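File shown: final_0.txt (compact mmCIF, C-alpha atoms).
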```txt
# COMPACT_ATOMS: atom_id res chain seq x y z
CA MET A 24 -129.00 -53.63 48.64
CA PHE A 25 -125.36 -54.29 49.51
CA CYS A 26 -124.29 -51.00 47.88
CA PHE A 27 -126.91 -49.11 49.84
CA PHE A 28 -125.62 -50.68 53.07
CA ILE A 29 -122.05 -49.66 52.18
CA PHE A 30 -123.06 -46.06 51.48
CA ILE A 31 -124.94 -45.82 54.77
CA GLN A 32 -122.40 -47.52 57.04
CA VAL A 33 -118.97 -46.46 55.70
CA PRO A 34 -118.10 -42.82 56.44
CA GLU A 35 -115.68 -42.47 53.51
CA PHE A 36 -118.44 -43.35 51.06
CA GLN A 37 -120.72 -40.78 52.70
CA VAL A 38 -118.07 -38.07 52.21
CA VAL A 39 -117.76 -38.90 48.51
CA LEU A 40 -121.53 -39.02 48.10
CA SER A 41 -121.97 -35.69 49.88
CA ARG A 42 -119.47 -34.06 47.53
CA PHE A 43 -121.71 -34.91 44.61
CA THR A 44 -125.08 -34.21 46.23
CA SER A 45 -124.51 -30.88 47.97
CA SER A 46 -124.55 -28.28 45.21
CA SER A 47 -123.28 -25.37 47.33
CA THR A 48 -120.38 -27.48 48.58
CA ILE A 49 -119.55 -28.55 45.04
CA VAL A 50 -119.47 -24.98 43.77
CA GLU A 51 -117.41 -23.68 46.69
CA ALA A 52 -115.01 -26.61 46.75
CA SER A 53 -114.58 -26.83 43.00
CA ASN A 54 -113.93 -23.09 42.66
CA GLY A 55 -111.18 -23.31 45.27
CA ARG A 56 -109.74 -26.49 43.82
CA ILE A 57 -109.83 -25.26 40.27
CA SER A 58 -108.18 -21.91 40.94
CA GLU A 59 -105.69 -22.99 43.61
CA LEU A 60 -104.86 -26.57 42.63
CA TRP A 61 -106.12 -27.75 39.27
CA ILE A 62 -105.05 -24.78 37.12
CA PRO A 63 -101.47 -24.69 38.52
CA ALA A 64 -101.24 -28.48 38.06
CA PHE A 65 -102.41 -28.21 34.47
CA ASN A 66 -99.94 -25.38 33.83
CA LEU A 67 -97.10 -27.51 35.23
CA PHE A 68 -98.23 -30.34 32.97
CA LEU A 69 -98.13 -28.02 29.94
CA LYS A 70 -94.56 -27.01 30.81
CA ASN A 71 -93.44 -30.67 31.12
CA PRO A 72 -95.90 -32.69 29.03
CA PHE A 73 -93.95 -35.90 28.42
CA PHE A 74 -92.25 -36.72 31.73
CA GLY A 75 -93.88 -34.29 34.18
CA VAL A 76 -92.22 -32.53 37.09
CA GLY A 77 -91.47 -35.65 39.12
CA TRP A 78 -93.34 -37.91 41.51
CA ARG A 79 -94.83 -35.97 44.47
CA GLN A 80 -93.24 -32.70 43.29
CA PHE A 81 -96.44 -30.72 42.72
CA LYS A 82 -96.58 -29.69 46.36
CA TYR A 83 -93.13 -28.08 46.10
CA LEU A 84 -93.83 -26.33 42.79
CA SER A 85 -97.37 -25.15 43.44
CA PRO A 86 -98.01 -21.46 44.09
CA MET A 87 -99.50 -22.30 47.50
CA TYR A 88 -96.21 -23.82 48.67
CA THR A 89 -94.13 -20.93 47.38
CA MET A 90 -96.43 -18.48 49.20
CA GLY A 91 -95.97 -20.34 52.49
CA SER A 92 -99.24 -22.27 52.62
CA TYR A 93 -98.63 -25.97 53.17
CA VAL A 94 -102.23 -27.03 53.75
CA ASN A 95 -103.06 -28.46 50.31
CA ASP A 96 -100.11 -30.34 48.97
CA ASP A 97 -101.98 -32.48 46.46
CA VAL A 98 -104.11 -31.63 43.44
CA HIS A 99 -107.21 -33.45 44.80
CA ASN A 100 -107.60 -35.11 41.41
CA ILE A 101 -105.33 -38.12 40.93
CA TYR A 102 -105.64 -38.03 37.14
CA LEU A 103 -104.54 -34.42 36.90
CA GLN A 104 -101.82 -35.01 39.48
CA LEU A 105 -100.53 -38.01 37.53
CA LEU A 106 -100.39 -35.89 34.38
CA CYS A 107 -98.64 -33.04 36.20
CA GLU A 108 -96.07 -35.15 38.04
CA ASN A 109 -95.49 -38.02 35.59
CA GLY A 110 -96.40 -36.53 32.23
CA ILE A 111 -98.19 -38.33 29.45
CA ILE A 112 -95.86 -41.34 29.56
CA GLY A 113 -96.27 -41.99 33.30
CA PHE A 114 -100.00 -41.30 33.10
CA ILE A 115 -100.49 -43.85 30.32
CA ILE A 116 -98.58 -46.50 32.28
CA VAL A 117 -100.36 -45.97 35.62
CA PHE A 118 -103.81 -45.32 34.16
CA GLY A 119 -103.36 -48.25 31.77
CA VAL A 120 -102.83 -50.61 34.70
CA MET A 121 -105.86 -49.15 36.50
CA ILE A 122 -108.14 -49.51 33.47
CA THR A 123 -106.81 -52.99 32.67
CA SER A 124 -107.64 -54.15 36.18
CA TYR A 125 -111.09 -52.59 35.96
CA ILE A 126 -111.86 -54.19 32.59
CA ILE A 127 -110.63 -57.60 33.77
CA THR A 128 -112.84 -57.32 36.84
CA TRP A 129 -115.83 -56.33 34.71
CA LYS A 130 -115.31 -59.35 32.46
CA LEU A 131 -114.98 -61.58 35.52
CA ILE A 132 -118.32 -60.33 36.82
CA LYS A 133 -119.98 -61.35 33.56
CA LYS A 134 -118.50 -64.84 33.87
CA ALA A 135 -118.65 -65.12 37.66
CA LYS A 136 -122.39 -65.69 37.84
CA TYR A 137 -121.96 -68.96 36.00
CA THR A 138 -118.46 -70.14 36.92
CA TYR A 139 -117.95 -69.29 40.59
CA ASP A 140 -119.81 -70.13 43.74
CA SER A 141 -121.34 -67.32 45.80
CA TYR A 142 -118.25 -67.07 48.03
CA ASN A 143 -115.94 -66.32 45.11
CA TYR A 144 -118.55 -64.16 43.41
CA PHE A 145 -118.58 -61.95 46.52
CA PHE A 146 -114.84 -61.33 46.20
CA VAL A 147 -115.12 -60.43 42.52
CA MET A 148 -118.00 -58.05 43.29
CA PHE A 149 -116.06 -56.50 46.19
CA SER A 150 -113.09 -55.98 43.88
CA PHE A 151 -115.25 -54.28 41.27
CA GLY A 152 -117.04 -52.12 43.85
CA TYR A 153 -113.87 -50.91 45.51
CA GLN A 154 -112.16 -50.22 42.20
CA THR A 155 -115.18 -48.18 41.14
CA PHE A 156 -115.07 -46.24 44.41
CA PHE A 157 -111.33 -45.63 44.05
CA LEU A 158 -111.54 -44.39 40.47
CA LEU A 159 -114.49 -42.08 41.23
CA TYR A 160 -112.97 -40.77 44.45
CA GLY A 161 -109.85 -39.97 42.44
CA LEU A 162 -111.78 -37.18 40.71
CA THR A 163 -112.05 -35.18 43.92
CA GLY A 164 -109.58 -36.71 46.37
CA ASN A 165 -106.12 -38.14 46.86
CA SER A 166 -106.99 -41.82 46.71
CA LEU A 167 -103.69 -42.70 45.05
CA TYR A 168 -101.69 -41.04 47.83
CA ASP A 169 -103.73 -42.01 50.90
CA ILE A 170 -102.67 -45.40 52.25
CA GLN A 171 -106.13 -46.09 53.70
CA CYS A 172 -107.57 -45.83 50.17
CA PHE A 173 -104.65 -47.14 48.16
CA PHE A 174 -103.95 -50.37 50.07
CA PRO A 175 -107.52 -51.76 49.72
CA TYR A 176 -107.37 -50.76 46.05
CA ILE A 177 -104.22 -52.83 45.56
CA VAL A 178 -105.89 -55.74 47.38
CA SER A 179 -108.98 -55.45 45.17
CA CYS A 180 -106.81 -55.41 42.03
CA CYS A 181 -104.95 -58.48 43.31
CA ILE A 182 -108.28 -60.23 43.82
CA ALA A 183 -109.23 -59.49 40.22
CA PHE A 184 -105.88 -60.63 38.84
CA TYR A 185 -106.00 -63.79 40.96
CA TYR A 186 -109.40 -64.83 39.59
CA TRP A 187 -108.38 -63.81 36.07
CA TYR A 188 -105.22 -65.93 36.30
CA ASP A 189 -107.13 -68.81 37.86
CA ASN A 190 -109.77 -68.58 35.16
CA SER A 191 -107.22 -68.48 32.31
CA LYS A 192 -105.18 -71.32 33.84
CA ASN A 193 -108.26 -73.51 34.18
CA PHE A 194 -109.27 -72.68 30.63
CA LYS A 195 -105.84 -73.73 29.32
CA LEU A 196 -105.92 -76.92 31.39
CA LYS A 197 -109.39 -77.80 30.11
CA LYS A 198 -108.34 -77.00 26.54
CA SER A 199 -105.18 -79.14 26.78
CA PHE A 200 -107.18 -81.94 28.43
CA ILE A 201 -109.64 -81.90 25.53
CA ASN A 202 -106.80 -81.94 22.97
CA ILE A 203 -105.06 -84.86 24.67
CA HIS A 204 -108.12 -87.04 25.08
CA ILE A 205 -109.85 -86.46 21.76
```
How does the structure come out when it is put into structure tokens?
Amino acid sequence: MFCFFIFIQVPEFQVVLSRFTSSSTIVEASNGRISELWIPAFNLFLKNPFFGVGWRQFKYLSPMYTMGSYVNDDVHNIYLQLLCENGIIGFIIVFGVMITSYIITWKLIKKAKYTYDSYNYFFVMFSFGYQTFFLLYGLTGNSLYDIQCFFPYIVSCCIAFYYWYDNSKNFKLKKSFINIHI
């Protein structure tokens, strides 16, 4: 029910949802993105596979910029843009942190039903929901480069790492307490 409320009330979620539900928009948008943005980004990645072309450099090396069009300066796919600009090494580092945070949050959700009260469970669920939104929106948007998307993502990752650290610290304390008193 909460997810339904979010999709109805938050305009950014409606934009993402409409990208996936409107077939004519998907075809038109993806054809333009693929030919004008994704293919040049992939070609730049193939030219510099290990270290990429440099952070935020796609916009200066893309054919659209060299032809005088400055409208689309990002790839509109954060994964492809990370590969293009940072290469395989940078992609593995950044994507590794993203996936680690997501997996930690998923594991916390499994435990949270039994270990946290409803107040803390809400924060863990919010963290998971926003991380899911961010990672999905990254397929078609610039969530990594838009501060209004990136800042809440960092906050949601911090929430996950806080509860993970708190959970592991409490586990170690309980374990040491058992070892001392047995």
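The space separating atom CA of A:Asp169 from atom CA of A:Trp187 comes to 26.8 Å.
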**Q.** Interatomic distance (Å, one decimal) between atom CA of A:Phe118 and atom CA of A:Tyr102
**A.**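 These two atoms are separated by 8.1 Å.
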(Q) Just checking: using only C-alpha atoms, which residue out of A:Phe68, A:Trp78, A:Phe114, A:Phe184 ends up closest to A:Phe151? (A) A:Phe184
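With distances restricted to all atoms listed in the file, A:Val98 is the closest residue to A:Leu84 from A:Val98, A:Ile127, A:Ile116, A:Ile111.
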Q) How many Å lie between atom CA of A:Gly164 and atom CA of A:Lys130, rounded to one decimal? A) 27.2 Å
Q: Would you please work out which residue, of A:Gln104, A:Asn66, A:Asn165, A:Asn190, is nearest to A:Asn143 when using all atoms listed in the file?
A: A:Asn190
Q | Nearest candidate to A:Glu108 (options A:Thr163, A:Gln171, A:Gln80, A:Gln154; using all atoms listed in the file) | A |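 So, comparing all the options, the nearest one is A:Gln80.
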